[in-house]
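Participant: Hey, dropping start-v8.cif in here, mmCIF, C-alpha atoms:
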```
data_structure
loop_
_atom_site.group_PDB
_atom_site.id
_atom_site.type_symbol
_atom_site.label_atom_id
_atom_site.label_comp_id
_atom_site.auth_asym_id
_atom_site.auth_seq_id
_atom_site.Cartn_x
_atom_site.Cartn_y
_atom_site.Cartn_z
ATOM 1 C CA MET Z 1414 0.000 0.000 0.000
ATOM 2 C CA ASN Z 1415 1.352 3.375 -1.047
ATOM 3 C CA LEU Z 1416 0.415 6.255 1.201
ATOM 4 C CA THR Z 1417 0.830 9.888 0.349
ATOM 5 C CA ARG Z 1418 2.332 12.021 3.069
ATOM 6 C CA ARG Z 1419 -1.059 13.663 3.663
ATOM 7 C CA GLU Z 1420 -2.841 10.321 4.128
ATOM 8 C CA ALA Z 1421 -0.139 9.014 6.425
ATOM 9 C CA LEU Z 1422 -0.460 12.073 8.643
ATOM 10 C CA ARG Z 1423 -4.223 11.763 8.793
ATOM 11 C CA LEU Z 1424 -3.984 8.090 9.743
ATOM 12 C CA SER Z 1425 -1.476 8.627 12.476
ATOM 13 C CA ALA Z 1426 -3.524 11.488 13.940
ATOM 14 C CA GLY Z 1427 -6.571 9.213 14.011
ATOM 15 C CA ALA Z 1428 -4.612 6.469 15.719
ATOM 16 C CA ALA Z 1429 -3.385 8.913 18.337
ATOM 17 C CA ILE Z 1430 -6.935 10.049 19.105
ATOM 18 C CA LEU Z 1431 -8.110 6.435 19.377
ATOM 19 C CA ALA Z 1432 -5.267 5.553 21.712
ATOM 20 C CA PHE Z 1433 -6.058 8.569 23.864
ATOM 21 C CA ALA Z 1434 -9.763 7.668 23.994
ATOM 22 C CA ALA Z 1435 -8.921 4.084 24.930
ATOM 23 C CA SER Z 1436 -6.662 5.206 27.725
ATOM 24 C CA ARG Z 1437 -9.425 7.430 29.115
ATOM 25 C CA ALA Z 1438 -12.099 4.747 29.053
ATOM 26 C CA GLY Z 1439 -12.657 2.237 31.806
ATOM 27 C CA PRO Z 1440 -12.772 2.772 35.542
ATOM 28 C CA ALA Z 1441 -10.006 4.696 37.246
ATOM 29 C CA LEU Z 1442 -7.583 2.171 38.677
ATOM 30 C CA ALA Z 1443 -5.858 2.395 42.000
ATOM 31 C CA GLY Z 1444 -2.186 3.163 41.691
ATOM 32 C CA PRO Z 1445 0.657 1.922 43.883
ATOM 33 C CA ALA Z 1446 0.239 5.141 45.909
ATOM 34 C CA GLU Z 1447 -3.277 4.220 46.962
ATOM 35 C CA THR Z 1448 -2.161 0.710 47.754
ATOM 36 C CA GLU Z 1449 0.595 2.084 49.964
ATOM 37 C CA LYS Z 1450 -1.973 4.210 51.752
ATOM 38 C CA ALA Z 1451 -4.155 1.164 52.356
ATOM 39 C CA MET Z 1452 -1.092 -0.752 53.564
ATOM 40 C CA ALA Z 1453 -0.112 2.003 56.000
ATOM 41 C CA GLU Z 1454 -3.676 2.128 57.301
ATOM 42 C CA PHE Z 1455 -3.598 -1.583 58.002
ATOM 43 C CA THR Z 1456 -0.138 -1.773 59.540
ATOM 44 C CA GLY Z 1457 -0.403 1.497 61.430
ATOM 45 C CA GLY Z 1458 2.865 2.704 59.937
ATOM 46 C CA ALA Z 1459 4.988 -0.344 60.807
ATOM 47 C CA SER Z 1460 7.057 -1.581 57.877
ATOM 48 C CA PRO Z 1461 6.261 -5.214 57.141
ATOM 49 C CA ALA Z 1462 8.985 -7.852 57.174
ATOM 50 C CA THR Z 1463 9.071 -10.713 54.678
ATOM 51 C CA GLY Z 1464 8.662 -14.346 55.659
ATOM 52 C CA ARG Z 1465 6.167 -16.333 57.747
ATOM 53 C CA ILE Z 1466 3.332 -15.447 55.391
ATOM 54 C CA THR Z 1467 2.794 -17.265 52.114
ATOM 55 C CA LEU Z 1468 0.453 -15.962 49.451
ATOM 56 C CA THR Z 1469 -0.607 -18.473 46.828
ATOM 57 C CA ALA Z 1470 -2.124 -17.240 43.577
ATOM 58 C CA PRO Z 1471 -1.834 -18.457 39.994
ATOM 59 C CA GLU Z 1472 0.954 -16.979 37.899
ATOM 60 C CA ILE Z 1473 -1.439 -16.603 34.992
ATOM 61 C CA ALA Z 1474 -5.168 -16.140 35.552
ATOM 62 C CA GLU Z 1475 -7.206 -16.639 32.402
ATOM 63 C CA ASN Z 1476 -10.346 -15.136 33.879
ATOM 64 C CA GLY Z 1477 -9.953 -12.103 36.107
ATOM 65 C CA ASN Z 1478 -13.432 -12.654 37.515
ATOM 66 C CA THR Z 1479 -12.476 -15.598 39.673
ATOM 67 C CA VAL Z 1480 -8.857 -15.811 40.688
ATOM 68 C CA PRO Z 1481 -8.243 -18.299 43.491
ATOM 69 C CA VAL Z 1482 -6.046 -16.895 46.222
ATOM 70 C CA SER Z 1483 -4.952 -18.364 49.528
ATOM 71 C CA VAL Z 1484 -2.822 -17.229 52.412
ATOM 72 C CA PHE Z 1485 -1.018 -19.190 55.065
ATOM 73 C CA VAL Z 1486 0.808 -17.729 58.041
ATOM 74 C CA GLU Z 1487 3.219 -19.714 60.184
ATOM 75 C CA SER Z 1488 2.094 -19.308 63.762
ATOM 76 C CA PRO Z 1489 1.473 -21.510 66.810
ATOM 77 C CA MET Z 1490 -2.000 -19.904 67.097
ATOM 78 C CA THR Z 1491 -2.039 -19.894 70.906
ATOM 79 C CA ASP Z 1492 -3.687 -17.258 73.100
ATOM 80 C CA GLU Z 1493 -0.329 -15.504 73.565
ATOM 81 C CA ASP Z 1494 0.965 -15.770 70.005
ATOM 82 C CA HIS Z 1495 -1.427 -15.829 67.094
ATOM 83 C CA VAL Z 1496 -2.262 -14.086 63.864
ATOM 84 C CA THR Z 1497 -4.997 -11.507 64.338
ATOM 85 C CA GLU Z 1498 -5.590 -10.214 60.829
ATOM 86 C CA VAL Z 1499 -4.548 -10.795 57.263
ATOM 87 C CA THR Z 1500 -5.469 -8.365 54.508
ATOM 88 C CA ILE Z 1501 -5.236 -8.875 50.769
ATOM 89 C CA LEU Z 1502 -4.629 -5.913 48.473
ATOM 90 C CA ALA Z 1503 -4.644 -5.705 44.676
ATOM 91 C CA GLU Z 1504 -2.581 -2.825 43.259
ATOM 92 C CA GLY Z 1505 -4.292 -2.539 39.910
ATOM 93 C CA ASN Z 1506 -7.956 -2.738 40.908
ATOM 94 C CA PRO Z 1507 -10.298 0.272 41.140
ATOM 95 C CA ASN Z 1508 -10.002 -0.088 44.930
ATOM 96 C CA PRO Z 1509 -6.956 -1.842 46.349
ATOM 97 C CA GLY Z 1510 -8.839 -3.643 49.139
ATOM 98 C CA VAL Z 1511 -9.881 -7.250 48.469
ATOM 99 C CA ALA Z 1512 -10.623 -8.821 51.836
ATOM 100 C CA THR Z 1513 -9.486 -8.791 55.450
ATOM 101 C CA PHE Z 1514 -9.520 -12.042 57.407
ATOM 102 C CA HIS Z 1515 -9.765 -12.011 61.195
ATOM 103 C CA PHE Z 1516 -8.341 -15.027 63.000
ATOM 104 C CA THR Z 1517 -8.604 -16.175 66.601
ATOM 105 C CA PRO Z 1518 -6.754 -18.909 68.511
ATOM 106 C CA MET Z 1519 -9.848 -21.012 67.747
ATOM 107 C CA SER Z 1520 -8.824 -20.942 64.076
ATOM 108 C CA GLY Z 1521 -6.078 -23.488 64.746
ATOM 109 C CA ASP Z 1522 -4.268 -22.583 61.530
ATOM 110 C CA ALA Z 1523 -3.995 -19.096 60.080
ATOM 111 C CA THR Z 1524 -5.041 -20.070 56.606
ATOM 112 C CA ALA Z 1525 -7.791 -18.894 54.295
ATOM 113 C CA THR Z 1526 -8.740 -19.354 50.667
ATOM 114 C CA THR Z 1527 -11.116 -17.314 48.561
ATOM 115 C CA ARG Z 1528 -11.680 -16.147 45.000
ATOM 116 C CA MET Z 1529 -11.135 -12.582 43.887
ATOM 117 C CA ARG Z 1530 -11.573 -10.269 40.935
ATOM 118 C CA LEU Z 1531 -8.571 -8.715 39.225
ATOM 119 C CA ALA Z 1532 -8.980 -5.912 36.682
ATOM 120 C CA LYS Z 1533 -5.631 -6.468 34.946
ATOM 121 C CA THR Z 1534 -2.151 -7.921 35.361
ATOM 122 C CA GLN Z 1535 -0.883 -6.673 38.706
ATOM 123 C CA ASN Z 1536 0.754 -7.337 42.037
ATOM 124 C CA VAL Z 1537 -1.306 -8.930 44.782
ATOM 125 C CA ILE Z 1538 -0.143 -8.257 48.331
ATOM 126 C CA ALA Z 1539 -0.958 -10.083 51.557
ATOM 127 C CA ILE Z 1540 -0.099 -8.576 54.933
ATOM 128 C CA ALA Z 1541 -0.410 -10.386 58.259
ATOM 129 C CA LYS Z 1542 -0.684 -8.750 61.658
ATOM 130 C CA MET Z 1543 0.383 -10.784 64.691
ATOM 131 C CA SER Z 1544 -0.933 -10.504 68.226
ATOM 132 C CA ASP Z 1545 2.411 -8.972 69.288
ATOM 133 C CA GLY Z 1546 1.999 -6.215 66.693
ATOM 134 C CA SER Z 1547 4.589 -7.364 64.167
ATOM 135 C CA VAL Z 1548 3.627 -7.379 60.495
ATOM 136 C CA PHE Z 1549 4.690 -9.608 57.624
ATOM 137 C CA MET Z 1550 3.948 -9.406 53.928
ATOM 138 C CA ASP Z 1551 4.156 -11.396 50.728
ATOM 139 C CA LYS Z 1552 3.677 -10.236 47.147
ATOM 140 C CA LYS Z 1553 2.849 -12.079 43.915
ATOM 141 C CA GLU Z 1554 2.416 -10.898 40.378
ATOM 142 C CA VAL Z 1555 -0.645 -12.336 38.677
ATOM 143 C CA LYS Z 1556 -0.947 -12.061 34.893
ATOM 144 C CA VAL Z 1557 -4.567 -11.607 33.902
ATOM 145 C CA THR Z 1558 -5.726 -12.557 30.398
ATOM 146 C CA ILE Z 1559 -9.283 -11.188 30.642
ATOM 147 C CA GLY Z 1560 -9.911 -8.496 33.244
ATOM 148 C CA GLY Z 1561 -12.633 -9.030 35.803
ATOM 149 C CA CYS Z 1562 -14.235 -5.642 36.099
ATOM 150 C CA GLY Z 1563 -17.037 -6.319 33.629
ATOM 151 C CA GLY Z 1564 -16.825 -3.079 31.589
ATOM 152 C CA MET S 847 -32.077 -11.787 42.479
ATOM 153 C CA ALA S 848 -32.923 -15.123 43.987
ATOM 154 C CA THR S 849 -32.443 -15.418 47.725
ATOM 155 C CA PRO S 850 -28.806 -16.250 48.376
ATOM 156 C CA LYS S 851 -28.383 -19.854 49.370
ATOM 157 C CA PRO S 852 -25.563 -20.559 51.811
ATOM 158 C CA ARG S 853 -23.732 -23.861 51.627
ATOM 159 C CA VAL S 854 -21.151 -25.110 54.095
ATOM 160 C CA LYS S 855 -18.990 -28.176 54.309
ATOM 161 C CA VAL S 856 -17.907 -29.192 57.816
ATOM 162 C CA PRO S 857 -16.636 -32.670 58.733
ATOM 163 C CA LYS S 858 -19.222 -34.650 60.736
ATOM 164 C CA THR S 859 -16.708 -35.976 63.239
ATOM 165 C CA ALA S 860 -13.266 -35.016 64.481
ATOM 166 C CA SER S 861 -10.823 -36.046 67.187
ATOM 167 C CA PRO S 862 -10.223 -33.659 70.135
ATOM 168 C CA GLY S 863 -7.864 -30.828 69.257
ATOM 169 C CA GLU S 864 -8.020 -31.581 65.549
ATOM 170 C CA VAL S 865 -7.788 -28.705 63.085
ATOM 171 C CA VAL S 866 -10.567 -29.162 60.553
ATOM 172 C CA THR S 867 -11.055 -27.411 57.225
ATOM 173 C CA ILE S 868 -14.338 -25.636 56.648
ATOM 174 C CA LYS S 869 -15.556 -24.645 53.205
ATOM 175 C CA THR S 870 -18.361 -22.167 52.643
ATOM 176 C CA LEU S 871 -20.100 -20.810 49.579
ATOM 177 C CA ILE S 872 -23.067 -18.519 49.162
ATOM 178 C CA SER S 873 -24.829 -17.721 45.908
ATOM 179 C CA HIS S 874 -24.694 -13.962 45.446
ATOM 180 C CA GLU S 875 -24.064 -11.701 42.449
ATOM 181 C CA MET S 876 -21.615 -9.423 44.318
ATOM 182 C CA GLU S 877 -22.453 -6.430 42.118
ATOM 183 C CA SER S 878 -19.259 -4.402 42.375
ATOM 184 C CA GLY S 879 -20.639 -0.910 41.743
ATOM 185 C CA GLN S 880 -18.132 -0.491 38.889
ATOM 186 C CA ARG S 881 -20.246 -1.868 36.089
ATOM 187 C CA ARG S 882 -22.574 0.199 33.905
ATOM 188 C CA ASP S 883 -25.867 -0.795 32.316
ATOM 189 C CA GLN S 884 -26.755 -0.309 28.624
ATOM 190 C CA ASP S 885 -27.626 3.364 29.171
ATOM 191 C CA GLY S 886 -24.312 4.070 30.824
ATOM 192 C CA ASN S 887 -25.672 4.404 34.359
ATOM 193 C CA THR S 888 -23.649 2.871 37.134
ATOM 194 C CA ILE S 889 -25.252 -0.240 38.578
ATOM 195 C CA PRO S 890 -25.357 0.331 42.359
ATOM 196 C CA ARG S 891 -23.065 -1.762 44.507
ATOM 197 C CA ARG S 892 -24.617 -4.703 46.263
ATOM 198 C CA ILE S 893 -22.259 -7.196 47.837
ATOM 199 C CA ILE S 894 -21.937 -9.325 50.896
ATOM 200 C CA ASN S 895 -19.732 -7.149 53.068
ATOM 201 C CA SER S 896 -18.947 -9.450 55.951
ATOM 202 C CA PHE S 897 -18.776 -13.089 56.870
ATOM 203 C CA THR S 898 -18.397 -14.579 60.335
ATOM 204 C CA CYS S 899 -18.054 -18.061 61.715
ATOM 205 C CA THR S 900 -18.560 -18.837 65.401
ATOM 206 C CA PHE S 901 -18.363 -22.069 67.366
ATOM 207 C CA ASP S 902 -20.920 -22.211 70.198
ATOM 208 C CA GLY S 903 -20.848 -18.416 70.275
ATOM 209 C CA VAL S 904 -17.032 -18.071 70.273
ATOM 210 C CA PRO S 905 -15.617 -16.292 67.206
ATOM 211 C CA VAL S 906 -13.480 -18.543 65.010
ATOM 212 C CA PHE S 907 -12.998 -16.648 61.764
ATOM 213 C CA SER S 908 -14.437 -13.565 60.168
ATOM 214 C CA CYS S 909 -13.833 -11.601 57.037
ATOM 215 C CA ASP S 910 -14.433 -8.034 55.818
ATOM 216 C CA ILE S 911 -15.306 -8.260 52.155
ATOM 217 C CA GLU S 912 -14.677 -5.691 49.421
ATOM 218 C CA PRO S 913 -16.191 -5.618 45.914
ATOM 219 C CA ALA S 914 -13.049 -7.375 44.644
ATOM 220 C CA ILE S 915 -14.354 -10.714 45.899
ATOM 221 C CA SER S 916 -15.851 -12.812 43.092
ATOM 222 C CA ALA S 917 -19.532 -13.570 42.645
ATOM 223 C CA ASN S 918 -20.736 -16.466 44.789
ATOM 224 C CA PRO S 919 -18.133 -15.760 47.473
ATOM 225 C CA TYR S 920 -16.232 -18.822 48.599
ATOM 226 C CA PHE S 921 -14.213 -19.101 51.795
ATOM 227 C CA GLU S 922 -12.106 -21.926 53.040
ATOM 228 C CA PHE S 923 -10.516 -21.727 56.491
ATOM 229 C CA ALA S 924 -9.497 -23.815 59.475
ATOM 230 C CA ALA S 925 -10.944 -24.331 62.927
ATOM 231 C CA LYS S 926 -9.647 -26.155 65.950
ATOM 232 C CA VAL S 927 -12.249 -28.300 67.733
ATOM 233 C CA GLU S 928 -11.860 -29.552 71.321
ATOM 234 C CA LYS S 929 -15.444 -30.665 71.971
ATOM 235 C CA SER S 930 -18.666 -31.353 70.135
ATOM 236 C CA GLY S 931 -20.623 -28.264 69.194
ATOM 237 C CA THR S 932 -22.185 -26.229 66.444
ATOM 238 C CA PHE S 933 -20.607 -23.880 63.951
ATOM 239 C CA ALA S 934 -22.773 -20.903 63.064
ATOM 240 C CA PHE S 935 -22.143 -18.989 59.851
ATOM 241 C CA GLU S 936 -23.423 -15.527 58.994
ATOM 242 C CA TRP S 937 -23.227 -13.431 55.849
ATOM 243 C CA VAL S 938 -24.259 -9.754 55.883
ATOM 244 C CA ASP S 939 -25.584 -8.159 52.718
ATOM 245 C CA ASP S 940 -25.191 -4.461 51.803
ATOM 246 C CA ASP S 941 -28.978 -4.079 52.049
ATOM 247 C CA GLY S 942 -28.888 -5.244 55.658
ATOM 248 C CA SER S 943 -30.153 -8.787 55.172
ATOM 249 C CA VAL S 944 -28.363 -11.509 57.084
ATOM 250 C CA TYR S 945 -28.083 -15.021 55.703
ATOM 251 C CA SER S 946 -27.129 -17.725 58.141
ATOM 252 C CA THR S 947 -26.697 -21.437 58.490
ATOM 253 C CA GLU S 948 -25.354 -23.921 61.043
ATOM 254 C CA ALA S 949 -23.413 -27.166 61.058
ATOM 255 C CA ALA S 950 -22.827 -29.508 63.981
ATOM 256 C CA ILE S 951 -19.628 -31.430 64.597
ATOM 257 C CA GLU S 952 -19.141 -34.408 66.889
ATOM 258 C CA VAL S 953 -15.821 -34.831 68.678
ATOM 259 C CA LYS S 954 -14.884 -38.297 69.852
#
```
Is it possible to give me this structure as structure tokens?

Facilitator:
Amino acid sequence: MNLTRREALRLSAGAAILAFAASRAGPALAGPAETEKAMAEFTGGASPATGRITLTAPEIAENGNTVPVSVFVESPMTDEDHVTEVTILAEGNPNPGVATFHFTPMSGDATATTRMRLAKTQNVIAIAKMSDGSVFMDKKEVKVTIGGCGG
Amino acid sequence: MATPKPRVKVPKTASPGEVVTIKTLISHEMESGQRRDQDGNTIPRRIINSFTCTFDGVPVFSCDIEPAISANPYFEFAAKVEKSGTFAFEWVDDDGSVYSTEAAIEVK
């Protein structure tokens, strides 16, 4: 296909407008900044250490509408030493919050599994709060083929 | 929307001090409040916003739920049982309705 200079310019201008429109469409997504805010709110400013908590999520999720996710925290789960809360955050969703689990010594094991929605490929973060106030986190990138925000 | 139907799976028997796995599911659309209808109006949010599990009145596990939880929310968690008793489960809807169910476990 031979394009004249004029046609080529017109085409590229059109493409630019389309790209701009596409970038404007869809719900506003939470950025890492908002996720950090949500993290700080949960931890109360303490910086989370790594380890003890394991977040399990698929590396590639074909359907963003139901992504299985589970967390496990190493803990004796006694009255003196147990996991009180675990929160799951998704960086690239319209709101970073996914779910917050509350455990008690009656839980026996600090483990929970659920299914979540992911709007796009993003990092999923799990943060655990212990009864002594220490916090631990784990992070996983999940690649999403079809986003789960039902546009 | 049809009335949400809760379903739970709790082992019938356990040995004292055993940690059992409990699975729960409730049928619910979990309308996220992000979607739009054909005319471009936002469909209002309607989700189950909290789930709790108690054993003879003692809290075992609970969960604050955001719109990012999938339709028909599913939860799997653990519970330590020392004696026979009844697990009570409760789901709270955005419109204020509470859906609940129970499951007994025998410890021997």

Participant: Measuring between all atoms listed in the file, which one of S:Asp883, S:Glu922, S:Glu877, S:Asp902 shows the shortest distance to chain Z?

Facilitator: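 Going through S:Asp883, S:Glu922, S:Glu877, S:Asp902 one by one, the smallest distance to chain Z is for S:Glu922.
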
Participant: Write out as an mmCIF file with C-alpha atoms, in the frame of the given file the residues lying within 9 Å of Pro905 of chain S, counting all atoms listed in the file and excluding same-chain residues fewer than 2 positions away.

Facilitator:
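Below is the file result_22.cif, written as the result:
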```cif
data_model
loop_
_atom_site.group_PDB
_atom_site.id
_atom_site.type_symbol
_atom_site.label_atom_id
_atom_site.label_comp_id
_atom_site.auth_asym_id
_atom_site.auth_seq_id
_atom_site.Cartn_x
_atom_site.Cartn_y
_atom_site.Cartn_z
ATOM 1 C CA PHE Z 1516 -8.341 -15.027 63.000
ATOM 2 C CA THR Z 1517 -8.604 -16.175 66.601
ATOM 3 C CA MET Z 1519 -9.848 -21.012 67.747
ATOM 4 C CA SER Z 1520 -8.824 -20.942 64.076
ATOM 5 C CA THR S 898 -18.397 -14.579 60.335
ATOM 6 C CA CYS S 899 -18.054 -18.061 61.715
ATOM 7 C CA THR S 900 -18.560 -18.837 65.401
ATOM 8 C CA PHE S 901 -18.363 -22.069 67.366
ATOM 9 C CA ASP S 902 -20.920 -22.211 70.198
ATOM 10 C CA GLY S 903 -20.848 -18.416 70.275
ATOM 11 C CA PHE S 907 -12.998 -16.648 61.764
ATOM 12 C CA SER S 908 -14.437 -13.565 60.168
#
```

Participant: Give me the result of the PyMOL selection byres ((chain Z) within 7 of (chain S)) on this file, residue by residue, as a list in words.

Facilitator: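 Output from the PyMOL selection byres ((chain Z) within 7 of (chain S)), applied to this file: Asn1478, Thr1479, Gly1510, Val1511, Ala1512, Thr1513, Phe1514, His1515, Phe1516, Thr1517, Met1519, Ser1520, Gly1521, Asp1522, Thr1524, Ala1525, Thr1526, Thr1527, Arg1528, Met1529, Arg1530, Gly1563 and Gly1564 of chain Z.
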
Participant: Could you write those residues out with C-alpha atoms, as a PDB file, keeping the file's coordinate frame?

Facilitator:
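The resulting again-v5.pdb:
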```
ATOM      1  CA  ASN Z1478     -13.432 -12.654  37.515  1.00  0.00           C
ATOM      2  CA  THR Z1479     -12.476 -15.598  39.673  1.00  0.00           C
ATOM      3  CA  GLY Z1510      -8.839  -3.643  49.139  1.00  0.00           C
ATOM      4  CA  VAL Z1511      -9.881  -7.250  48.469  1.00  0.00           C
ATOM      5  CA  ALA Z1512     -10.623  -8.821  51.836  1.00  0.00           C
ATOM      6  CA  THR Z1513      -9.486  -8.791  55.450  1.00  0.00           C
ATOM      7  CA  PHE Z1514      -9.520 -12.042  57.407  1.00  0.00           C
ATOM      8  CA  HIS Z1515      -9.765 -12.011  61.195  1.00  0.00           C
ATOM      9  CA  PHE Z1516      -8.341 -15.027  63.000  1.00  0.00           C
ATOM     10  CA  THR Z1517      -8.604 -16.175  66.601  1.00  0.00           C
ATOM     11  CA  MET Z1519      -9.848 -21.012  67.747  1.00  0.00           C
ATOM     12  CA  SER Z1520      -8.824 -20.942  64.076  1.00  0.00           C
ATOM     13  CA  GLY Z1521      -6.078 -23.488  64.746  1.00  0.00           C
ATOM     14  CA  ASP Z1522      -4.268 -22.583  61.530  1.00  0.00           C
ATOM     15  CA  THR Z1524      -5.041 -20.070  56.606  1.00  0.00           C
ATOM     16  CA  ALA Z1525      -7.791 -18.894  54.295  1.00  0.00           C
ATOM     17  CA  THR Z1526      -8.740 -19.354  50.667  1.00  0.00           C
ATOM     18  CA  THR Z1527     -11.116 -17.314  48.561  1.00  0.00           C
ATOM     19  CA  ARG Z1528     -11.680 -16.147  45.000  1.00  0.00           C
ATOM     20  CA  MET Z1529     -11.135 -12.582  43.887  1.00  0.00           C
ATOM     21  CA  ARG Z1530     -11.573 -10.269  40.935  1.00  0.00           C
ATOM     22  CA  GLY Z1563     -17.037  -6.319  33.629  1.00  0.00           C
ATOM     23  CA  GLY Z1564     -16.825  -3.079  31.589  1.00  0.00           C
TER      24      GLY Z1564
END
```

Participant: Could you check which of S:Asp941, S:Ser930, S:Thr849, S:Val856 is closest to Ile893 of chain S, using only C-alpha atoms?

Facilitator: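 Closest candidate: S:Asp941.
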
Participant: Using the chain letters and numbers from this file, what does the PyMOL selection byres ((chain Z and resi 1455) around 12) select? Give the answer as an NGL selection string.

Facilitator: :Z and (1448-1454 or 1456-1461 or 1497-1502 or 1510 or 1512-1513 or 1539-1542 or 1546-1550)

Participant: Got a sec to check which residues sit within 9 Å of (-4.7, -15.5, 33.5), counting only C-alpha atoms, and write them as a list in words?

Facilitator: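 With a cut-off of 9 Å, the residues come to Pro1471, Glu1472, Ile1473, Ala1474, Glu1475, Asn1476, Gly1477, Val1480, Thr1534, Val1555, Lys1556, Val1557, Thr1558, Ile1559 and Gly1560 of chain Z.
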
Participant: Go ahead and compute the interatomic distance for atom CA of Gly931 of chain S and atom CA of Glu1487 of chain Z, in Å to one decimal.

Facilitator: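 That distance, rounded to one decimal, is 26.9 Å.
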
Participant: The PyMOL selection byres ((chain Z and resi 1465) around 8) - which residues does that actually catch in the file I just gave you? List them as a ChimeraX atom specification.

Facilitator: /Z:1463-1464,1466-1467,1486-1488,1549

Participant: What is the atom CA of Met876 of chain S-atom CA of Val944 of chain S distance in Å, reported with one decimal?

Facilitator: 14.6 Å

Participant: Do you know which residues lie at most 7 Å from (-11.0, -39.9, 66.5), with coordinates as in the file and only C-alpha atoms counted, and could you write them as a ChimeraX atom specification?

Facilitator: /S:860-861,954

Participant: Check the smallest atom-to-atom distance from each of S:Ile894, S:Pro862, S:Thr888, S:Lys855 to His874 of chain S using all atoms listed in the file, then report the winner.

Facilitator: S:Ile894

Participant: Put a box with edges along x, y and z around all the listed atoms of segment 909-918 of chain S, pad it by 3 Å on each side, then give me its centre and sizes in Å, one decimal, as JSON.

Facilitator:
```
{"center_x": -16.9, "center_y": -11.0, "center_z": 49.8, "size_x": 13.7, "size_y": 16.8, "size_z": 20.4}
```

Participant: What is the distance between atom CA of Phe933 of chain S and atom CA of Ile951 of chain S, in Å to one decimal?

Facilitator: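 For atom CA of Phe933 of chain S relative to atom CA of Ile951 of chain S, the distance reads 7.6 Å.
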
Participant: Within 8 Å of Thr947 of chain S, counting only C-alpha atoms, which residues show up once you throw out same-chain ones fewer than 5 positions away? Write them as a PyMOL selection string, please.

Facilitator: chain S and resi 852-854+934-936

Participant: So which one's closest to Ser1483 of chain Z, Z:Ala1532, Z:Val1537, Z:Arg1423, Z:Arg1418? Using all atoms listed in the file, please.

Facilitator: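 Smallest distance to Ser1483 of chain Z is found for Z:Val1537.
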